[in-house]
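Remarks on the structure that follows.
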Amino acid sequence: MRLRADLMDDDEQRLRFEADRKEMETMVAQTLEFMRGLGGNEPRQPVDVMALLATVQADNRAMGRTVAVEGRASRPLVAVPSLLKRALGNLIDNAVLYGGQATVHVEETPAALLLRIADAGPGIPEADLERVFEPFYRLEASRSRATGGTGLGLGIARNIARALGGDVVLANRPAGGLEARLTLPRRDA
């Protein structure tokens with residue numbers, strides 16, 4: 001397909017074809033990742049959640065996105081670092097893309113770490129709060145391919161959370177917007 005695109009004479013058609021090819025490539029890669037269960041071959045280790053959030057926040061700031069972090073985790077969380085970063089990244093991406101900004105609220109108990117990712121968007125109809133975790137399911141009215149989504153991000157985040165012994169649930173905020181709640185159990189290192 002790349003060769004075919006390179007050989008096209010019509011610049012406008014070549015650009016459209018190339019954009020479609022890249023979108024297909026992304027979908028295939030994400031689908032394979034979703035079906036493989038995200039690997040997780042890395043060992044669990046203590047993760048400085050605040051440092052991880054600072055990195056994700058800086059990456060988003062570099063892209064012109066608004067991501068705030070409130071609260072604090074006082075001790076590391078035993079997890080697979082790359083998977084935790086991916087789950088947080090997917091949830092924050094959704095908040096920013098569909099809600100304009102994200103605020104990550106960090107709360108902890110002796111038994112668990114709760115990360116609440118809140119946005120200021122339109123929320124999700126109550127009937128769809130679970131369905132959006134299904135592969136390729138998107139809310140067409142507010143979420144389309146134009147935003148770059150494939151309908152796998154929330155499912156991947158939930159799969160990661162569950163692989164780490166936790167979960168992700170969604171809830172509409174009373175004042176508007178959506179909140180993704182990532183709960184992860186505390187385990188000794």
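We label chains A, B, ... in the order they appear in the structure tokens, count residues from 1 in each chain, and number ligands from 1 in the order shown.
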
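Residues with any atom within 9 Å of range 60-70 of chain A, counting only C-alpha atoms and excluding same-chain neighbours fewer than 4 positions away, are Met50, Leu53, Ala54, Thr55, Val56, Ile92, Asp93, Val96, Gly100, Gln101, Ala102, Thr103, Val104, His105, Val106 and Glu107 of chain A.
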
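Nearest residue to Pro185 in chain A, choosing from A:Arg21, A:Arg86, A:Arg162, A:Arg16 and counting only C-alpha atoms: A:Arg162.
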